[in-house]
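Source file start_35.cif; content: mmCIF, C-alpha atoms.
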```cif
data_my_file
#
loop_
_atom_site.label_atom_id
_atom_site.label_comp_id
_atom_site.auth_asym_id
_atom_site.auth_seq_id
_atom_site.Cartn_x
_atom_site.Cartn_y
_atom_site.Cartn_z
CA MET X 1 23.25 -40.58 28.53
CA LYS X 2 21.88 -37.53 26.70
CA ASN X 3 21.50 -39.54 23.49
CA ILE X 4 19.71 -42.33 25.38
CA PHE X 5 17.07 -39.91 26.67
CA LYS X 6 16.76 -38.31 23.25
CA THR X 7 16.29 -41.70 21.61
CA LEU X 8 13.59 -42.67 24.13
CA ALA X 9 11.80 -39.35 23.65
CA PHE X 10 11.95 -39.69 19.87
CA ALA X 11 10.60 -43.25 20.01
CA ALA X 12 7.78 -42.12 22.29
CA ALA X 13 6.88 -39.33 19.87
CA LEU X 14 6.65 -41.79 17.00
CA ALA X 15 4.26 -43.92 19.06
CA LEU X 16 1.81 -41.05 19.62
CA PRO X 17 -1.36 -40.89 17.55
CA SER X 18 -0.74 -38.84 14.42
CA VAL X 19 -4.21 -37.39 13.88
CA GLY X 20 -4.50 -33.85 15.21
CA THR X 21 -1.07 -33.88 16.84
CA ALA X 22 2.15 -32.03 16.10
CA GLN X 23 4.74 -34.61 15.12
CA ALA X 24 8.20 -34.45 16.65
CA ALA X 25 11.05 -33.02 14.63
CA ILE X 26 14.34 -34.91 14.56
CA ASP X 27 16.22 -31.65 15.08
CA THR X 28 14.77 -28.14 15.37
CA ASP X 29 18.03 -26.29 14.80
CA VAL X 30 19.61 -27.39 11.52
CA GLN X 31 21.83 -24.80 9.86
CA VAL X 32 21.69 -25.40 6.10
CA ASN X 33 24.44 -23.74 4.09
CA LEU X 34 23.51 -23.72 0.41
CA GLN X 35 26.61 -23.99 -1.77
CA SER X 36 25.43 -24.23 -5.37
CA HIS X 37 22.44 -24.92 -7.59
CA PRO X 38 23.67 -27.34 -10.29
CA LEU X 39 20.36 -29.08 -11.06
CA ASN X 40 18.23 -26.03 -11.79
CA THR X 41 14.84 -26.24 -13.44
CA LEU X 42 12.30 -23.39 -13.24
CA GLY X 43 14.35 -21.98 -10.35
CA GLY X 44 13.78 -25.17 -8.35
CA GLY X 45 15.40 -28.57 -8.59
CA GLY X 46 18.52 -29.72 -6.75
CA PHE X 47 20.88 -27.69 -4.56
CA PHE X 48 24.15 -28.77 -2.96
CA ALA X 49 24.27 -27.95 0.74
CA ASN X 50 26.29 -28.53 3.91
CA TYR X 51 24.40 -29.29 7.12
CA THR X 52 24.41 -31.38 10.30
CA ILE X 53 21.38 -33.19 11.73
CA ASP X 54 21.40 -34.24 15.38
CA PHE X 55 19.74 -37.67 15.17
CA PRO X 56 18.76 -39.63 18.30
CA THR X 57 21.74 -41.90 17.58
CA GLY X 58 24.13 -38.97 17.20
CA ALA X 59 24.92 -36.06 14.91
CA LYS X 60 25.64 -36.66 11.21
CA THR X 61 27.20 -34.10 8.90
CA TYR X 62 26.45 -33.94 5.18
CA ASN X 63 28.75 -31.97 2.89
CA GLN X 64 27.91 -31.07 -0.71
CA TRP X 65 24.71 -33.02 -0.18
CA LEU X 66 21.79 -32.88 -2.59
CA VAL X 67 18.62 -31.24 -1.27
CA TRP X 68 15.58 -30.88 -3.50
CA CYS X 69 13.17 -27.95 -3.72
CA ILE X 70 9.58 -29.17 -3.20
CA ASP X 71 7.83 -25.88 -2.36
CA PRO X 72 6.96 -23.37 -5.14
CA ASN X 73 6.07 -20.49 -2.81
CA ARG X 74 9.06 -20.22 -0.47
CA GLU X 75 12.47 -18.99 -1.59
CA VAL X 76 16.20 -19.08 -0.79
CA SER X 77 19.32 -17.55 -2.31
CA VAL X 78 22.57 -19.28 -3.27
CA PRO X 79 24.95 -19.10 -1.57
CA GLY X 80 23.05 -18.66 1.67
CA SER X 81 22.65 -19.94 5.21
CA TYR X 82 19.24 -20.80 6.65
CA ASN X 83 17.79 -22.35 9.80
CA TYR X 84 15.58 -25.44 9.50
CA SER X 85 13.75 -28.13 11.41
CA ALA X 86 14.34 -31.68 10.17
CA TYR X 87 11.48 -34.20 10.10
CA THR X 88 11.33 -37.76 8.90
CA ALA X 89 9.17 -37.79 5.77
CA GLN X 90 6.65 -39.95 7.63
CA ASN X 91 6.37 -37.52 10.55
CA PHE X 92 6.13 -34.53 8.25
CA ALA X 93 3.25 -36.18 6.41
CA ALA X 94 1.51 -36.81 9.75
CA SER X 95 2.00 -33.22 10.93
CA ASN X 96 -0.07 -30.11 10.32
CA LEU X 97 2.73 -28.60 8.22
CA GLY X 98 2.67 -28.01 4.49
CA SER X 99 2.37 -25.35 1.83
CA VAL X 100 1.47 -21.68 2.16
CA ASN X 101 -1.98 -22.42 0.71
CA ASN X 102 -2.70 -24.52 3.83
CA ASN X 103 -2.35 -27.93 2.21
CA ASN X 104 -1.18 -30.25 4.97
CA ILE X 105 0.83 -32.95 3.22
CA THR X 106 -0.74 -36.41 3.36
CA ASP X 107 1.08 -39.73 3.45
CA ALA X 108 0.17 -40.44 -0.19
CA GLN X 109 1.30 -36.97 -1.32
CA MET X 110 4.63 -37.35 0.50
CA ARG X 111 5.28 -40.71 -1.13
CA SER X 112 4.32 -39.30 -4.53
CA ILE X 113 6.76 -36.39 -4.08
CA ILE X 114 9.56 -38.79 -3.08
CA SER X 115 8.85 -40.87 -6.18
CA LEU X 116 8.90 -37.82 -8.48
CA VAL X 117 12.07 -36.39 -6.91
CA THR X 118 13.80 -39.76 -7.27
CA THR X 119 12.76 -39.98 -10.91
CA LEU X 120 14.03 -36.47 -11.66
CA GLN X 121 17.29 -36.94 -9.72
CA THR X 122 18.25 -40.28 -11.20
CA GLY X 123 17.13 -39.47 -14.73
CA TRP X 124 18.31 -35.85 -14.84
CA ASN X 125 20.88 -36.27 -17.60
CA GLY X 126 18.44 -38.24 -19.77
CA PHE X 127 15.65 -35.65 -19.59
CA ASN X 128 15.39 -32.55 -21.74
CA ASP X 129 14.49 -29.15 -20.27
CA SER X 130 10.75 -29.57 -20.90
CA GLN X 131 10.66 -32.99 -19.20
CA ARG X 132 12.56 -31.67 -16.18
CA ALA X 133 10.21 -28.72 -15.92
CA ALA X 134 7.14 -30.97 -16.13
CA LEU X 135 8.38 -33.21 -13.31
CA GLN X 136 9.36 -30.26 -11.10
CA THR X 137 5.97 -28.65 -11.70
CA GLN X 138 4.26 -31.86 -10.58
CA ILE X 139 6.40 -31.96 -7.42
CA TRP X 140 5.27 -28.43 -6.61
CA SER X 141 1.65 -29.14 -7.49
CA THR X 142 1.58 -32.21 -5.26
CA PHE X 143 3.05 -30.20 -2.38
CA ARG X 144 0.26 -27.67 -2.82
CA GLY X 145 -2.39 -30.40 -3.01
CA GLU X 146 -3.22 -29.68 -6.64
CA THR X 147 -3.74 -32.18 -9.43
CA ALA X 148 -1.54 -32.51 -12.52
CA PRO X 149 -1.06 -35.02 -15.37
CA ILE X 150 1.98 -36.74 -13.84
CA VAL X 151 1.34 -38.74 -10.66
CA GLY X 152 4.14 -40.20 -8.57
CA ASN X 153 4.12 -43.68 -7.05
CA GLU X 154 2.15 -43.43 -3.80
CA ASN X 155 3.53 -46.76 -2.54
CA VAL X 156 7.26 -45.97 -2.41
CA SER X 157 9.13 -46.22 0.87
CA MET X 158 9.75 -43.10 2.95
CA THR X 159 12.71 -44.71 4.73
CA ASP X 160 15.84 -42.50 4.82
CA TRP X 161 13.99 -39.44 3.51
CA VAL X 162 13.99 -36.22 5.54
CA VAL X 163 12.07 -32.98 5.05
CA LEU X 164 13.89 -29.76 5.92
CA PHE X 165 11.16 -27.27 6.84
CA GLY X 166 12.22 -23.63 7.08
CA ASN X 167 11.94 -22.06 10.53
CA ASN X 168 11.68 -18.59 8.93
CA ASN X 169 9.42 -19.37 5.99
CA ASN X 170 12.36 -20.53 3.88
CA GLN X 171 12.19 -23.02 1.02
CA THR X 172 11.13 -26.56 1.94
CA PHE X 173 13.66 -29.21 0.93
CA LEU X 174 13.51 -32.98 0.61
CA THR X 175 16.72 -34.96 1.04
CA ARG X 176 17.75 -38.58 1.38
CA VAL X 177 20.01 -39.30 4.35
CA PRO X 178 20.82 -43.03 4.22
CA GLU X 179 22.88 -45.17 6.52
CA PRO X 180 26.63 -44.34 6.47
CA ALA X 181 27.46 -47.43 4.37
CA ASP X 182 25.37 -46.04 1.49
CA ILE X 183 26.69 -42.48 1.65
CA GLY X 184 29.82 -43.14 -0.44
CA LEU X 185 27.75 -44.53 -3.31
CA LEU X 186 25.38 -41.56 -3.22
CA LEU X 187 28.28 -39.08 -3.20
CA ILE X 188 29.62 -40.66 -6.39
CA GLY X 189 26.20 -40.34 -7.97
CA PHE X 190 25.78 -36.70 -6.88
CA SER X 191 29.22 -35.80 -8.25
CA GLY X 192 28.37 -37.39 -11.59
CA LEU X 193 25.11 -35.45 -11.85
CA ALA X 194 26.84 -32.15 -11.08
CA PHE X 195 29.66 -32.84 -13.56
CA MET X 196 27.22 -33.67 -16.35
CA ALA X 197 25.08 -30.60 -15.59
CA VAL X 198 28.12 -28.31 -15.80
CA ALA X 199 29.35 -30.00 -18.98
CA ARG X 200 25.96 -29.58 -20.66
CA ARG X 201 25.86 -25.90 -19.63
CA ARG X 202 29.33 -25.27 -21.13
CA ARG X 203 28.33 -26.88 -24.41
CA ALA X 204 25.14 -24.80 -24.62
#
```
If you convert what's in this file into structure tokens, what do you get?
Amino acid sequence: MKNIFKTLAFAAALALPSVGTAQAAIDTDVQVNLQSHPLNTLGGGGFFANYTIDFPTGAKTYNQWLVWCIDPNREVSVPGSYNYSAYTAQNFAASNLGSVNNNNITDAQMRSIISLVTTLQTGWNGFNDSQRAALQTQIWSTFRGETAPIVGNENVSMTDWVVLFGNNNNQTFLTRVPEPADIGLLLIGFSGLAFMAVARRRRA
């Protein structure tokens, strides 16, 4: 019964006008336990974390899950445990939340960030250090509302993407939380990225 009421409340929040309103978080009490930082570029990039999000349809736990740093002005330490609010990417873009320089993320900026993060994640092992740094810098610049040479695709889907926004001014993370059927495939991909990153570091 509790989940039914939560689902109805969440659906009602999505139906509210987005202009000038605070958009509903999926979960305002997400404990994110950062485990490692295998995809590190400029101190940002991809972290592995354990966390549980209480969705309207029920809680889902993600272990050794990839979360991506999108905020250049907020910090975390690894290992470390931090409290977050989870928003759908669409609701975050429609909220009055954003960077410390008061840039409230727009729909186009959120889609561009998702596109850039996807490009960097999936192509990590094929990029050199300079290319990784350039893409991460553009992610940060877009989050701050600044312009840079590399522009992400502003038409990509925001489905399955969640923004973890720090409740205590912690780093802002972007993560993809797909349907359970897709999780196994993503875990294989994450493991491969981490293995290759460690192997490259040992050879260096």
Could you build a table of the residues in range 158-178 of chain X lying no more than 6 Å from range 74-90 of chain X, giving for each the nearest pair of atoms and their separation in Å rounded to one decimal place, using only C-alpha atoms, ordered by chain and ascending residue number, as a Markdown table?
```
| residue | atom | partner | partner_atom | distance |
| --- | --- | --- | --- | --- |
| X:Trp161 | CA | X:Ala89 | CA | 5.6 |
| X:Val162 | CA | X:Thr88 | CA | 4.6 |
| X:Val163 | CA | X:Tyr87 | CA | 5.2 |
| X:Leu164 | CA | X:Ala86 | CA | 4.7 |
| X:Phe165 | CA | X:Ser85 | CA | 5.3 |
| X:Gly166 | CA | X:Tyr84 | CA | 4.5 |
| X:Asn167 | CA | X:Tyr84 | CA | 5.1 |
| X:Asn170 | CA | X:Arg74 | CA | 5.5 |
| X:Gln171 | CA | X:Arg74 | CA | 4.5 |
```
Prev. selection, C-alpha atoms, output as a tab-separated table (two decimals), keeping the file's coordinate frame:
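Final output, saved to out.tsv:
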```
chain	number	residue	atom	x	y	z
X	161	TRP	CA	13.99	-39.44	3.51
X	162	VAL	CA	13.99	-36.22	5.54
X	163	VAL	CA	12.07	-32.98	5.05
X	164	LEU	CA	13.89	-29.76	5.92
X	165	PHE	CA	11.16	-27.27	6.84
X	166	GLY	CA	12.22	-23.63	7.08
X	167	ASN	CA	11.94	-22.06	10.53
X	170	ASN	CA	12.36	-20.53	3.88
X	171	GLN	CA	12.19	-23.02	1.02
```
Quiz item: CA of Gln136 in chain X and CA of Gly45 in chain X, how far apart in Å?
Solution: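 Interatomic distance here is 6.8 Å.
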Quiz prompt | Between CA of Pro38 in chain X and CA of Arg132 in chain X - distance in Å to one decimal | solution =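 Result for CA of Arg132 in chain X versus CA of Pro38 in chain X: 13.3 Å, one decimal.
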Quiz item: With all atoms listed in the file as the basis for distance, which of X:Gln138, X:Gln64, X:Gln35, X:Gln109 is at the shortest distance from Glu154 in chain X?
Solution: X:Gln109
Practice problem: Pull out every residue that the PyMOL selection byres ((chain X and resi 118) around 12) matches in the shown coordinates and put them as a VMD selection string. | Solution: chain X and resid 45 to 46 66 to 68 111 to 117 119 to 124 135 to 136 139 152 to 153 156 to 158 161 174 to 176
Quiz item: Near Asn104 in chain X, counting only C-alpha atoms, which residues have an atom at most 9 Å away, once you skip same-chain residues fewer than 5 positions from it, shown as a PyMOL selection string?
Solution: chain X and resi 93-99+143-145
Would you mind exporting the chosen residues as a PDB file, keeping the file's coordinate frame, restricted to C-alpha atoms?
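Result saved to result36.pdb:
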```pdb
ATOM      1  CA  ALA X  93       3.250 -36.180   6.410  1.00  0.00           C
ATOM      2  CA  ALA X  94       1.510 -36.810   9.750  1.00  0.00           C
ATOM      3  CA  SER X  95       2.000 -33.220  10.930  1.00  0.00           C
ATOM      4  CA  ASN X  96      -0.070 -30.110  10.320  1.00  0.00           C
ATOM      5  CA  LEU X  97       2.730 -28.600   8.220  1.00  0.00           C
ATOM      6  CA  GLY X  98       2.670 -28.010   4.490  1.00  0.00           C
ATOM      7  CA  SER X  99       2.370 -25.350   1.830  1.00  0.00           C
ATOM      8  CA  PHE X 143       3.050 -30.200  -2.380  1.00  0.00           C
ATOM      9  CA  ARG X 144       0.260 -27.670  -2.820  1.00  0.00           C
ATOM     10  CA  GLY X 145      -2.390 -30.400  -3.010  1.00  0.00           C
TER      11      GLY X 145
END
```
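Here CA of Asp29 in chain X and CA of Gly58 in chain X stand 14.3 Å from one another.
Considering the residues X:Ser130, X:Asn73, X:Ser36, X:Thr28 and counting all atoms listed in the file, Phe55 in chain X has its shortest atom-to-atom contact with X:Thr28.
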Extending 8 Å beyond the listed atoms of range 151-154 of chain X on each side, what axis-aligned box results? I want centre and edge lengths in Å to one decimal, as lines of an AutoDock Vina configuration file.
```
center_x = 2.7
center_y = -41.2
center_z = -7.2
size_x = 18.8
size_y = 20.9
size_z = 22.9
```
Practice problem: Please provide the set of residues having any atom within 10 Å of Tyr51 in chain X, restricted to all atoms listed in the file, with same-chain residues fewer than 2 positions apart removed, written as a list in words. | Solution: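 The neighbour list is Val30, Gln31, Val32, Asn33, Leu34, Ala49, Ile53, Lys60, Thr61, Tyr62, Asn63, Gln64, Trp65, Ser81, Tyr82, Asn83 and Tyr84 of chain X.
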